[in-house]
$ cat target.cif   # mmCIF, C-alpha atoms
data_protein
#
loop_
_atom_site.label_atom_id
_atom_site.label_comp_id
_atom_site.auth_asym_id
_atom_site.auth_seq_id
_atom_site.Cartn_x
_atom_site.Cartn_y
_atom_site.Cartn_z
CA MET M 1 -31.96 -18.74 -15.25
CA SER M 2 -35.73 -18.57 -15.54
CA GLY M 3 -38.29 -15.91 -15.33
CA ALA M 4 -38.88 -14.08 -18.59
CA GLU M 5 -39.14 -14.61 -22.28
CA THR M 6 -37.13 -12.95 -24.98
CA THR M 7 -39.04 -9.91 -26.17
CA ASP M 8 -40.23 -9.74 -29.76
CA GLN M 9 -37.25 -8.31 -31.63
CA THR M 10 -38.08 -9.57 -35.11
CA GLY M 11 -36.03 -7.77 -37.74
CA THR M 12 -33.95 -5.86 -35.23
CA GLU M 13 -30.25 -5.73 -34.47
CA GLY M 14 -31.01 -7.62 -31.26
CA ALA M 15 -32.69 -10.40 -33.24
CA ALA M 16 -29.69 -10.73 -35.54
CA LEU M 17 -27.32 -10.95 -32.57
CA ALA M 18 -29.58 -13.47 -30.82
CA GLU M 19 -29.48 -15.65 -33.94
CA ARG M 20 -25.67 -15.54 -33.90
CA TRP M 21 -25.80 -16.44 -30.18
CA HIS M 22 -27.83 -19.53 -30.98
CA GLU M 23 -25.27 -20.62 -33.57
CA VAL M 24 -22.19 -20.52 -31.37
CA ILE M 25 -23.10 -20.59 -27.66
CA MET M 26 -23.69 -23.93 -25.90
CA ARG M 27 -27.29 -24.63 -25.03
CA SER M 28 -26.64 -25.06 -21.32
CA THR M 29 -28.72 -22.00 -20.45
CA PRO M 30 -32.09 -20.76 -21.74
CA ALA M 31 -32.15 -18.35 -24.65
CA PRO M 32 -31.16 -14.82 -23.57
CA TRP M 33 -33.95 -12.40 -22.80
CA LEU M 34 -32.15 -9.51 -24.52
CA VAL M 35 -28.83 -8.54 -26.04
CA LEU M 36 -27.49 -5.80 -23.76
CA GLU M 37 -24.79 -3.38 -24.79
CA ARG M 38 -24.31 -0.77 -22.07
CA GLY M 39 -25.52 0.39 -18.71
CA GLU M 40 -25.45 3.32 -16.31
CA GLY M 41 -26.55 3.13 -12.71
CA ALA M 42 -29.68 1.00 -12.45
CA HIS M 43 -30.42 1.18 -16.19
CA VAL M 44 -29.24 -0.90 -19.14
CA THR M 45 -29.71 -0.45 -22.87
CA ASP M 46 -30.16 -3.20 -25.43
CA ALA M 47 -28.69 -3.54 -28.92
CA ASP M 48 -31.61 -1.59 -30.41
CA GLY M 49 -31.37 1.31 -27.99
CA ARG M 50 -34.25 0.32 -25.68
CA GLU M 51 -33.68 1.16 -22.04
CA TYR M 52 -34.61 -1.05 -19.07
CA LEU M 53 -34.62 -0.55 -15.31
CA ASP M 54 -32.43 -3.33 -13.93
CA PHE M 55 -33.82 -4.65 -10.64
CA LEU M 56 -31.87 -7.93 -10.90
CA ALA M 57 -28.36 -6.37 -11.21
CA GLY M 58 -26.76 -9.41 -12.76
CA ILE M 59 -28.32 -11.59 -10.00
CA ALA M 60 -27.12 -9.42 -7.10
CA VAL M 61 -23.67 -8.84 -8.64
CA ASN M 62 -23.68 -5.17 -9.70
CA ALA M 63 -23.69 -3.69 -6.22
CA LEU M 64 -22.79 -0.20 -7.48
CA GLY M 65 -24.95 -0.48 -10.59
CA HIS M 66 -23.55 -0.28 -14.10
CA ALA M 67 -20.46 1.69 -15.12
CA HIS M 68 -20.01 3.29 -11.70
CA PRO M 69 -17.00 5.66 -11.89
CA VAL M 70 -15.29 3.92 -8.94
CA PHE M 71 -15.59 0.55 -10.66
CA VAL M 72 -14.47 1.85 -14.04
CA ASP M 73 -11.50 3.72 -12.56
CA ALA M 74 -10.36 0.67 -10.54
CA VAL M 75 -10.41 -1.60 -13.59
CA ALA M 76 -8.56 0.89 -15.77
CA ARG M 77 -6.00 1.79 -13.12
CA GLN M 78 -5.11 -1.80 -12.26
CA ALA M 79 -5.15 -2.97 -15.89
CA SER M 80 -2.59 -0.30 -16.69
CA ALA M 81 -0.36 -1.50 -13.83
CA VAL M 82 -0.43 -5.31 -13.69
CA ALA M 83 -3.40 -7.57 -14.47
CA HIS M 84 -2.15 -11.03 -13.54
CA VAL M 85 0.85 -12.53 -11.76
CA SER M 86 -0.24 -16.13 -10.75
CA ASN M 87 -0.23 -17.37 -7.18
CA TYR M 88 3.55 -17.58 -7.06
CA PHE M 89 3.46 -13.87 -6.20
CA ALA M 90 1.53 -11.53 -3.94
CA THR M 91 0.12 -8.11 -4.84
CA ARG M 92 -1.08 -5.11 -2.82
CA PRO M 93 -4.74 -5.40 -3.96
CA GLN M 94 -4.94 -9.05 -2.91
CA ILE M 95 -3.64 -8.25 0.57
CA ALA M 96 -5.81 -5.14 0.94
CA LEU M 97 -9.02 -6.92 -0.04
CA ALA M 98 -8.31 -9.85 2.29
CA GLU M 99 -7.69 -7.42 5.15
CA ARG M 100 -10.94 -5.58 4.39
CA LEU M 101 -13.01 -8.79 4.21
CA CYS M 102 -11.55 -10.03 7.50
CA ARG M 103 -12.21 -6.69 9.21
CA LEU M 104 -15.82 -6.49 8.02
CA SER M 105 -16.70 -10.13 8.71
CA GLY M 106 -14.58 -10.88 11.77
CA GLY M 107 -12.80 -13.61 9.79
CA SER M 108 -9.15 -14.64 10.02
CA ARG M 109 -7.94 -15.76 6.58
CA VAL M 110 -9.10 -15.64 2.95
CA PHE M 111 -8.73 -17.92 -0.06
CA PHE M 112 -9.52 -16.21 -3.36
CA GLY M 113 -11.02 -17.97 -6.40
CA ASN M 114 -12.95 -16.89 -9.46
CA SER M 115 -16.59 -17.53 -8.57
CA GLY M 116 -19.04 -18.54 -5.89
CA ALA M 117 -18.95 -22.17 -6.98
CA GLU M 118 -15.17 -22.18 -6.61
CA ALA M 119 -15.52 -20.74 -3.10
CA ILE M 120 -17.94 -23.56 -2.26
CA GLU M 121 -15.50 -26.14 -3.67
CA ALA M 122 -12.79 -24.73 -1.39
CA ALA M 123 -15.14 -24.99 1.60
CA LEU M 124 -15.95 -28.60 0.70
CA LYS M 125 -12.26 -29.49 0.66
CA LEU M 126 -11.88 -27.73 4.01
CA ALA M 127 -14.69 -29.90 5.39
CA ARG M 128 -13.05 -33.06 4.02
CA LEU M 129 -9.89 -32.22 5.98
CA THR M 130 -11.79 -32.85 9.23
CA GLY M 131 -11.77 -36.56 8.33
CA ARG M 132 -15.49 -36.86 9.02
CA PRO M 133 -17.64 -38.52 6.33
CA ARG M 134 -21.01 -36.69 6.44
CA ILE M 135 -21.89 -33.19 5.23
CA LEU M 136 -25.29 -31.56 5.80
CA ALA M 137 -27.06 -29.04 3.57
CA LEU M 138 -30.64 -27.82 3.23
CA GLU M 139 -33.45 -28.68 0.84
CA ASN M 140 -34.21 -26.07 -1.84
CA SER M 141 -30.76 -24.56 -1.42
CA PHE M 142 -28.53 -23.45 -4.28
CA HIS M 143 -24.75 -23.54 -3.92
CA GLY M 144 -23.62 -23.72 -7.55
CA ARG M 145 -23.37 -25.98 -10.60
CA THR M 146 -19.87 -27.47 -10.42
CA THR M 147 -20.05 -31.11 -9.40
CA GLY M 148 -19.17 -30.52 -5.73
CA SER M 149 -21.38 -27.47 -5.31
CA LEU M 150 -24.16 -29.25 -7.22
CA ALA M 151 -23.99 -32.15 -4.76
CA LEU M 152 -24.71 -29.61 -2.00
CA THR M 153 -27.53 -27.93 -3.92
CA GLY M 154 -30.87 -29.07 -2.54
CA LYS M 155 -32.76 -29.19 -5.81
CA PRO M 156 -33.04 -32.79 -7.13
CA ALA M 157 -34.05 -31.60 -10.61
CA LEU M 158 -30.68 -29.85 -11.04
CA ARG M 159 -28.69 -32.88 -9.80
CA ARG M 160 -30.56 -35.70 -11.53
CA ASP M 161 -28.70 -35.76 -14.88
CA PHE M 162 -25.26 -35.73 -13.25
CA GLU M 163 -25.50 -38.39 -10.58
CA PRO M 164 -23.69 -40.05 -8.95
CA LEU M 165 -22.30 -36.90 -7.36
CA MET M 166 -20.10 -36.51 -4.28
CA PRO M 167 -21.19 -39.05 -1.63
CA GLY M 168 -21.87 -38.31 2.01
CA ILE M 169 -24.10 -35.25 1.55
CA GLU M 170 -27.55 -35.19 3.14
CA HIS M 171 -30.28 -32.60 2.63
CA LEU M 172 -32.50 -31.54 5.51
CA ASP M 173 -35.61 -29.40 5.74
CA SER M 174 -35.23 -26.11 7.61
CA GLU M 175 -36.66 -27.34 10.92
CA ILE M 176 -34.42 -27.18 14.00
CA ALA M 177 -35.69 -30.62 15.06
CA SER M 178 -34.42 -32.14 11.80
CA LEU M 179 -30.98 -30.67 12.38
CA GLU M 180 -30.95 -31.96 15.95
CA ARG M 181 -31.68 -35.48 14.69
CA ALA M 182 -29.11 -35.41 11.88
CA ILE M 183 -26.12 -33.77 13.50
CA GLY M 184 -23.47 -35.79 15.31
CA PRO M 185 -19.74 -36.40 15.74
CA ASP M 186 -19.44 -37.96 12.26
CA VAL M 187 -20.62 -34.74 10.53
CA ALA M 188 -17.89 -32.57 9.00
CA ALA M 189 -19.89 -29.46 8.12
CA LEU M 190 -23.29 -27.85 7.79
CA PHE M 191 -23.74 -25.61 4.73
CA LEU M 192 -26.60 -23.11 4.67
CA GLU M 193 -27.71 -19.83 3.06
CA PRO M 194 -29.16 -17.13 5.34
CA ILE M 195 -31.66 -16.42 2.54
CA LYS M 196 -32.40 -19.13 -0.03
CA GLY M 197 -32.51 -16.99 -3.16
CA GLU M 198 -33.23 -19.67 -5.74
CA ALA M 199 -36.01 -21.06 -3.55
CA GLY M 200 -37.87 -17.77 -3.97
CA VAL M 201 -35.92 -15.56 -1.53
CA VAL M 202 -36.83 -17.52 1.58
CA PRO M 203 -34.96 -16.40 4.74
CA LEU M 204 -33.87 -18.76 7.49
CA SER M 205 -35.03 -17.43 10.84
CA ASP M 206 -32.50 -15.95 13.25
CA GLU M 207 -33.67 -18.64 15.66
CA TYR M 208 -32.63 -21.34 13.18
CA LEU M 209 -29.22 -19.73 12.56
CA ARG M 210 -28.53 -19.49 16.30
CA ALA M 211 -29.62 -23.11 16.82
CA ALA M 212 -27.38 -24.19 13.93
CA ARG M 213 -24.44 -22.39 15.53
CA GLU M 214 -25.10 -23.93 18.93
CA LEU M 215 -25.52 -27.47 17.58
CA THR M 216 -22.50 -27.34 15.26
CA SER M 217 -20.32 -25.97 18.06
CA ARG M 218 -21.51 -28.67 20.46
CA HIS M 219 -20.54 -31.45 18.02
CA GLY M 220 -17.39 -29.87 16.60
CA VAL M 221 -19.01 -29.42 13.17
CA LEU M 222 -17.96 -26.63 10.78
CA LEU M 223 -20.72 -24.10 10.13
CA VAL M 224 -20.27 -22.82 6.58
CA VAL M 225 -22.56 -19.91 5.65
CA ASP M 226 -23.02 -19.36 1.93
CA GLU M 227 -23.03 -15.56 1.60
CA ILE M 228 -22.55 -15.54 -2.16
CA GLN M 229 -25.86 -13.75 -2.72
CA THR M 230 -26.38 -12.19 0.73
CA GLY M 231 -22.88 -10.74 1.25
CA ALA M 232 -21.46 -7.28 0.54
CA GLY M 233 -24.24 -5.38 2.29
CA ARG M 234 -27.17 -6.67 0.28
CA THR M 235 -29.33 -7.61 3.28
CA GLY M 236 -28.73 -4.41 5.26
CA GLU M 237 -25.79 -5.89 7.16
CA TRP M 238 -22.40 -6.61 5.64
CA PHE M 239 -23.17 -10.33 5.78
CA GLY M 240 -26.40 -12.22 6.36
CA PHE M 241 -25.17 -14.17 9.39
CA GLN M 242 -24.67 -10.89 11.27
CA HIS M 243 -28.44 -10.41 11.62
CA ALA M 244 -28.47 -13.43 13.94
CA GLY M 245 -25.43 -12.32 15.96
CA ILE M 246 -23.50 -15.55 15.34
CA THR M 247 -19.94 -16.26 14.21
CA PRO M 248 -19.58 -19.06 11.62
CA ASP M 249 -16.46 -21.11 10.90
CA ALA M 250 -16.41 -20.11 7.24
CA ILE M 251 -18.32 -18.00 4.74
CA THR M 252 -18.31 -18.16 0.94
CA LEU M 253 -18.45 -14.94 -1.06
CA ALA M 254 -18.73 -13.83 -4.70
CA LYS M 255 -21.28 -11.76 -6.65
CA GLY M 256 -21.53 -8.35 -4.93
CA ILE M 257 -17.98 -8.16 -3.59
CA GLY M 258 -16.67 -7.77 -7.14
CA GLY M 259 -19.41 -5.50 -8.42
CA GLY M 260 -19.05 -7.10 -11.86
CA VAL M 261 -15.60 -8.68 -12.02
CA PRO M 262 -15.47 -12.48 -11.58
CA ILE M 263 -14.22 -13.24 -8.07
CA GLY M 264 -14.98 -15.66 -5.26
CA ALA M 265 -13.64 -15.98 -1.73
CA LEU M 266 -13.64 -18.38 1.18
CA VAL M 267 -13.22 -16.58 4.51
CA THR M 268 -12.40 -18.74 7.52
CA PHE M 269 -12.73 -17.91 11.20
CA GLY M 270 -10.53 -19.01 14.10
CA ALA M 271 -9.36 -22.64 14.17
CA ALA M 272 -10.88 -23.43 10.76
CA SER M 273 -8.24 -21.12 9.29
CA GLU M 274 -5.52 -23.65 10.14
CA LEU M 275 -7.01 -26.60 8.23
CA PHE M 276 -5.54 -25.76 4.81
CA GLN M 277 -1.82 -26.40 4.61
CA THR M 278 0.58 -25.68 1.75
CA GLY M 279 -0.39 -27.70 -1.32
CA HIS M 280 -3.95 -28.42 -0.23
CA HIS M 281 -5.59 -25.99 -2.64
CA GLY M 282 -4.89 -23.40 -5.31
CA SER M 283 -6.21 -21.44 -8.28
CA THR M 284 -4.31 -19.91 -11.18
CA PHE M 285 -6.46 -16.78 -11.21
CA GLY M 286 -7.20 -16.73 -7.47
CA GLY M 287 -6.28 -13.33 -6.01
CA ASN M 288 -5.83 -11.91 -9.49
CA PRO M 289 -4.83 -8.23 -9.01
CA LEU M 290 -7.36 -6.94 -11.56
CA ALA M 291 -10.23 -8.66 -9.73
CA THR M 292 -9.05 -7.92 -6.19
CA ALA M 293 -8.24 -4.26 -6.90
CA THR M 294 -11.70 -3.74 -8.36
CA ALA M 295 -13.41 -5.66 -5.57
CA ASP M 296 -11.52 -3.67 -2.94
CA ALA M 297 -12.61 -0.43 -4.60
CA VAL M 298 -16.24 -1.64 -4.76
CA MET M 299 -16.23 -2.64 -1.09
CA ALA M 300 -14.59 0.66 -0.14
CA GLU M 301 -17.31 2.58 -1.98
CA ILE M 302 -20.04 0.54 -0.25
CA GLU M 303 -18.45 1.59 3.06
CA ARG M 304 -17.89 5.24 2.10
CA ALA M 305 -21.41 5.81 0.78
CA ASP M 306 -23.12 3.76 3.53
CA LEU M 307 -24.76 1.53 0.94
CA VAL M 308 -25.34 -1.10 3.63
CA GLY M 309 -27.61 1.39 5.40
CA ASN M 310 -29.16 2.36 2.07
CA ALA M 311 -29.96 -1.31 1.38
CA ARG M 312 -31.69 -1.56 4.75
CA ARG M 313 -33.70 1.65 4.33
CA ARG M 314 -34.58 1.18 0.66
CA GLY M 315 -35.51 -2.44 1.22
CA GLU M 316 -38.07 -1.45 3.85
CA GLN M 317 -39.37 1.36 1.61
CA LEU M 318 -39.62 -0.93 -1.41
CA GLY M 319 -41.36 -3.73 0.49
CA GLU M 320 -44.00 -1.39 1.91
CA ALA M 321 -44.55 0.21 -1.50
CA ILE M 322 -45.07 -3.17 -3.20
CA LEU M 323 -47.67 -4.17 -0.63
CA GLY M 324 -49.21 -0.73 -1.11
CA LEU M 325 -49.98 -1.61 -4.74
CA GLU M 326 -52.75 -3.82 -3.27
CA SER M 327 -52.60 -6.22 -6.20
CA PRO M 328 -54.55 -9.46 -5.79
CA LEU M 329 -51.48 -11.26 -7.18
CA VAL M 330 -49.15 -10.08 -4.38
CA GLY M 331 -49.40 -12.17 -1.23
CA GLU M 332 -46.30 -11.11 0.70
CA VAL M 333 -42.87 -9.52 0.47
CA ARG M 334 -40.06 -11.43 2.19
CA GLY M 335 -36.29 -11.19 2.47
CA ARG M 336 -34.02 -8.50 3.86
CA GLY M 337 -32.51 -5.27 2.60
CA LEU M 338 -32.37 -5.25 -1.18
CA LEU M 339 -32.75 -9.01 -1.62
CA LEU M 340 -36.53 -9.30 -1.70
CA GLY M 341 -38.95 -11.97 -2.83
CA ILE M 342 -42.51 -11.18 -3.83
CA GLY M 343 -44.67 -14.14 -2.89
CA LEU M 344 -47.53 -14.50 -5.38
CA THR M 345 -51.03 -15.80 -4.81
CA GLU M 346 -51.05 -17.59 -8.18
CA PRO M 347 -48.35 -19.47 -10.19
CA VAL M 348 -47.84 -16.63 -12.69
CA ALA M 349 -44.29 -15.47 -11.87
CA ALA M 350 -42.89 -16.17 -15.34
CA ARG M 351 -45.73 -14.22 -16.95
CA ILE M 352 -45.18 -11.26 -14.62
CA ALA M 353 -41.44 -11.27 -15.37
CA SER M 354 -42.19 -11.39 -19.10
CA HIS M 355 -44.70 -8.51 -18.91
CA ALA M 356 -42.23 -6.56 -16.76
CA LEU M 357 -39.59 -6.94 -19.45
CA GLN M 358 -42.03 -5.62 -22.04
CA ALA M 359 -42.67 -2.67 -19.70
CA GLY M 360 -38.92 -1.99 -19.49
CA LEU M 361 -38.21 -3.65 -16.15
CA ILE M 362 -35.81 -6.53 -15.43
CA VAL M 363 -36.76 -8.88 -12.58
CA ASN M 364 -36.68 -12.67 -12.42
CA ALA M 365 -38.83 -15.57 -11.30
CA PRO M 366 -36.84 -18.27 -9.45
CA ASN M 367 -40.03 -20.35 -9.27
CA GLU M 368 -43.67 -20.07 -10.37
CA THR M 369 -44.87 -18.26 -7.27
CA SER M 370 -41.97 -15.85 -6.56
CA ILE M 371 -40.44 -12.74 -8.09
CA ARG M 372 -36.88 -11.93 -7.01
CA LEU M 373 -35.62 -8.36 -6.68
CA ALA M 374 -31.91 -7.58 -6.23
CA PRO M 375 -31.35 -4.04 -7.54
CA PRO M 376 -28.08 -2.11 -7.19
CA LEU M 377 -27.40 -0.97 -3.62
CA THR M 378 -27.28 2.60 -4.94
CA ILE M 379 -30.99 2.92 -5.76
CA GLY M 380 -32.98 5.91 -4.51
CA ASP M 381 -36.47 7.37 -4.66
CA ALA M 382 -36.43 7.88 -8.43
CA GLU M 383 -35.62 4.24 -9.21
CA ILE M 384 -38.16 2.94 -6.70
CA GLY M 385 -40.85 5.16 -8.22
CA GLU M 386 -39.95 3.95 -11.70
CA PHE M 387 -40.01 0.33 -10.53
CA LEU M 388 -43.48 0.69 -9.00
CA GLU M 389 -44.91 2.21 -12.16
CA ARG M 390 -43.52 -0.53 -14.42
CA PHE M 391 -44.27 -3.37 -12.00
CA ARG M 392 -47.86 -2.19 -11.66
CA THR M 393 -48.13 -2.31 -15.46
CA ALA M 394 -46.79 -5.89 -15.46
CA LEU M 395 -49.25 -6.97 -12.76
CA HIS M 396 -52.19 -5.43 -14.63
CA ALA M 397 -51.11 -7.08 -17.89
CA THR M 398 -50.86 -10.46 -16.17
CA ILE M 399 -54.32 -10.12 -14.63
CA ARG M 400 -55.80 -9.05 -17.97
CA GLU M 401 -54.14 -12.00 -19.73
CA ARG M 402 -55.38 -14.41 -17.06
CA ASP M 403 -58.95 -13.09 -17.25
CA GLU M 404 -58.96 -13.31 -21.05
CA HIS M 405 -57.76 -16.92 -20.81
CA ILE M 406 -60.53 -17.75 -18.35
CA ALA M 407 -63.12 -16.13 -20.62
CA ARG M 408 -61.87 -18.06 -23.67
CA THR M 409 -61.90 -21.34 -21.74
CA ALA M 410 -65.43 -20.70 -20.50
CA ALA M 411 -66.62 -19.86 -24.04
CA HIS M 412 -64.98 -23.04 -25.38
CA ASP M 413 -66.65 -25.12 -22.66
CA ASP M 414 -70.01 -23.55 -23.49
CA GLU M 415 -69.55 -24.36 -27.18
CA GLY M 416 -68.69 -27.95 -26.27
CA ALA M 417 -71.78 -28.29 -24.08
CA GLU M 418 -74.06 -26.98 -26.83
CA SER M 419 -72.62 -29.35 -29.43
#
$ encode --input "target.cif" --output "structure tokens"
Amino acid sequence: MSGAETTDQTGTEGAALAERWHEVIMRSTPAPWLVLERGEGAHVTDADGREYLDFLAGIAVNALGHAHPVFVDAVARQASAVAHVSNYFATRPQIALAERLCRLSGGSRVFFGNSGAEAIEAALKLARLTGRPRILALENSFHGRTTGSLALTGKPALRRDFEPLMPGIEHLDSEIASLERAIGPDVAALFLEPIKGEAGVVPLSDEYLRAARELTSRHGVLLVVDEIQTGAGRTGEWFGFQHAGITPDAITLAKGIGGGVPIGALVTFGAASELFQTGHHGSTFGGNPLATATADAVMAEIERADLVGNARRRGEQLGEAILGLESPLVGEVRGRGLLLGIGLTEPVAARIASHALQAGLIVNAPNETSIRLAPPLTIGDAEIGEFLERFRTALHATIRERDEHIARTAAHDDEGAES
């Protein structure tokens, strides 16, 4: 994950823990920004007692925020009953969550795994069962880092060190004409995200989603919508595809449905639900009662408290307020609900994220010209006001830093000219 630097913690408890982290954790991810110890609502506290406003929420995972009583109670209650049984047995939470996901999405059947990447792997195997050799995905997409999901991911820099990956996958731009040229009877599936989060929170248009549905239906191609980041109410609808009024053949879920427990799900619709037969797929922890009981409680609370509507209303409020800051660094706000991207006029996203962290605000920068916001779906006026104050501080600090750099460069050039 990119987007901020570790704050200066020299001589602190956080620094000591970070040093231990460096000794024993594999270097597959950047150094951690902070060592966090606890959270409540939209706030987290680090190992030295400093508090931060969390507008990333574990990358759109903590739908109810941190330590929500519903979440805590569900974990404790299920852990005291039965935590794991394997997939030789069924449990009430597994059945209840599958029923809820089917009701909310219009789907027919559910396969449970442990993560979004595992849900994508299940969808890839489903596509292979069609017997067709080609699979389509989009450029600048992100579907995960396991080898199958990485093959789908439309970012060459992430794939390069691990090639050759799964053959038969082609990446298209997001133009309808490109899809029309590529699709045909030898294509098994089209994978897409309604909003490309890792590309800088870039939404596909409803027109594109409807065209994708029409073209895939015409050629008998599976339409797989990756809802790992956009699902569970984050965009102001339960699932991102619902904005376009289409019905896919499959969706992949994770992140927000669990509210913090590791869980992934593949939901299939109609005929696609009959492709998997006994023995085709499995997962030791898939449908784990601890995860499904917690996820069912999280989804029930999102329904009860109308957090889907809150995401829609607060997203509009937040977007207008960010533009109202009238910063020369802010070019646009894009996205839907509480998955928003701030498009910048200069490539300073990492610096803004770093200054935000110093101001007590957690956001991230998926690329150099975008800031991603994915706060808990529970946020209200107080958190939005706090965000604006801290984000304004980060913007001002970035502008001041940039201007000082320009002044130093000009002075250096003048000295060079005189010598």
$ closest_residue --input "target.cif" --among "M:Ile257, M:Arg77, M:Leu275, M:Ile246" --to "Ala98 (chain M)" --atoms "all atoms listed in the file"
M:Ile257
$ residues_around --input "target.cif" --residues "Ala188 (chain M)" --least-positions-apart "3" --cutoff "6 Å" --atoms "all atoms listed in the file" --output "JSON, numbers by chain"
{"M": [127, 132, 134, 135, 221]}
$ closest_atom_pairs --input "target.cif" --of "region 249-302 of chain M" --to "region 44-59 of chain M" --cutoff "12 Å" --atoms "all atoms listed in the file" --output "JSON lines"
{"residue": "M:Ala254", "atom": "CA", "partner": "M:Ile59", "partner_atom": "CA", "distance": 11.2}
{"residue": "M:Lys255", "atom": "CA", "partner": "M:Ile59", "partner_atom": "CA", "distance": 7.8}
{"residue": "M:Gly256", "atom": "CA", "partner": "M:Ile59", "partner_atom": "CA", "distance": 9.1}
{"residue": "M:Gly258", "atom": "CA", "partner": "M:Gly58", "partner_atom": "CA", "distance": 11.7}
{"residue": "M:Gly259", "atom": "CA", "partner": "M:Gly58", "partner_atom": "CA", "distance": 9.4}
{"residue": "M:Gly260", "atom": "CA", "partner": "M:Gly58", "partner_atom": "CA", "distance": 8.1}
{"residue": "M:Val261", "atom": "CA", "partner": "M:Gly58", "partner_atom": "CA", "distance": 11.2}
{"residue": "M:Pro262", "atom": "CA", "partner": "M:Gly58", "partner_atom": "CA", "distance": 11.8}
$ axis_aligned_box --input "target.cif" --around "region 220-226 of chain M" --padding-each-side "6 Å" --output "JSON"
{"center_x": -20.2, "center_y": -24.6, "center_z": 9.3, "size_x": 17.6, "size_y": 22.5, "size_z": 26.7}
$ resolve_selection --input "target.cif" --expression "the PyMOL selection byres ((chain M and resi 220) around 12)" --output "ChimeraX atom specification"
/M:127,130,132,183-190,212-219,221-223,249,271-272
$ closest_residue --input "target.cif" --among "M:Arg392, M:Arg181, M:Arg400, M:His84" --to "Ser327 (chain M)" --atoms "all atoms listed in the file"
M:Arg392
$ residues_around --input "target.cif" --residues "Arg234 (chain M)" --least-positions-apart "4" --cutoff "10 Å" --atoms "all atoms listed in the file" --output "PyMOL selection string"
chain M and resi 60-61+63+227+229-230+238-240+256+307-312+315+336-340+374-377
$ resolve_selection --input "target.cif" --expression "the PyMOL selection byres ((chain M and resi 70) around 10)" --output "MDAnalysis selection string"
chainID M and resid 64 67:69 71:75 294 297:298 300:301
$ atom_distance --input "target.cif" --atom1 "CA of Arg159 (chain M)" --atom2 "CA of Gly144 (chain M)"
10.7 Å
$ resolve_selection --input "target.cif" --expression "the PyMOL selection byres ((chain M and resi 108) around 7)" --output "PyMOL selection string"
chain M and resi 102+106-107+109+268-270+273
$ closest_residue --input "target.cif" --among "M:Ala349, M:Ile342, M:Ile322, M:Ala177" --to "Gly197 (chain M)" --atoms "all atoms listed in the file"
M:Ile342
$ closest_residue --input "target.cif" --among "M:Ala31, M:Thr369, M:Leu361, M:Ile406" --to "Ile384 (chain M)" --atoms "all atoms listed in the file"
M:Leu361
$ atom_distance --input "target.cif" --atom1 "CA of Ile95 (chain M)" --atom2 "CA of His280 (chain M)"
20.2 Å
$ atom_distance --input "target.cif" --atom1 "CA of Leu124 (chain M)" --atom2 "CA of Ala250 (chain M)"
10.7 Å
$ closest_residue --input "target.cif" --among "M:Ala151, M:Ala119, M:Ala397, M:Met299" --to "Arg103 (chain M)" --atoms "all atoms listed in the file"
M:Met299
$ closest_residue --input "target.cif" --among "M:Ala295, M:Ala365, M:Leu253, M:Ala359" --to "Gly343 (chain M)" --atoms "all atoms listed in the file"
M:Ala365
$ residues_near_point --input "target.cif" --point "(-21.6, -19.0, -0.6)" --cutoff "10 Å" --atoms "all atoms listed in the file" --output "tab-separated table (two decimals) with C-alpha atoms, keeping the file's coordinate frame"
chain	number	residue	atom	x	y	z
M	115	SER	CA	-16.59	-17.53	-8.57
M	116	GLY	CA	-19.04	-18.54	-5.89
M	117	ALA	CA	-18.95	-22.17	-6.98
M	118	GLU	CA	-15.17	-22.18	-6.61
M	119	ALA	CA	-15.52	-20.74	-3.10
M	120	ILE	CA	-17.94	-23.56	-2.26
M	121	GLU	CA	-15.50	-26.14	-3.67
M	123	ALA	CA	-15.14	-24.99	1.60
M	142	PHE	CA	-28.53	-23.45	-4.28
M	143	HIS	CA	-24.75	-23.54	-3.92
M	144	GLY	CA	-23.62	-23.72	-7.55
M	149	SER	CA	-21.38	-27.47	-5.31
M	191	PHE	CA	-23.74	-25.61	4.73
M	192	LEU	CA	-26.60	-23.11	4.67
M	193	GLU	CA	-27.71	-19.83	3.06
M	194	PRO	CA	-29.16	-17.13	5.34
M	224	VAL	CA	-20.27	-22.82	6.58
M	225	VAL	CA	-22.56	-19.91	5.65
M	226	ASP	CA	-23.02	-19.36	1.93
M	227	GLU	CA	-23.03	-15.56	1.60
M	228	ILE	CA	-22.55	-15.54	-2.16
M	229	GLN	CA	-25.86	-13.75	-2.72
M	230	THR	CA	-26.38	-12.19	0.73
M	231	GLY	CA	-22.88	-10.74	1.25
M	250	ALA	CA	-16.41	-20.11	7.24
M	251	ILE	CA	-18.32	-18.00	4.74
M	252	THR	CA	-18.31	-18.16	0.94
M	253	LEU	CA	-18.45	-14.94	-1.06
M	254	ALA	CA	-18.73	-13.83	-4.70
M	255	LYS	CA	-21.28	-11.76	-6.65
M	264	GLY	CA	-14.98	-15.66	-5.26
M	265	ALA	CA	-13.64	-15.98	-1.73
M	266	LEU	CA	-13.64	-18.38	1.18
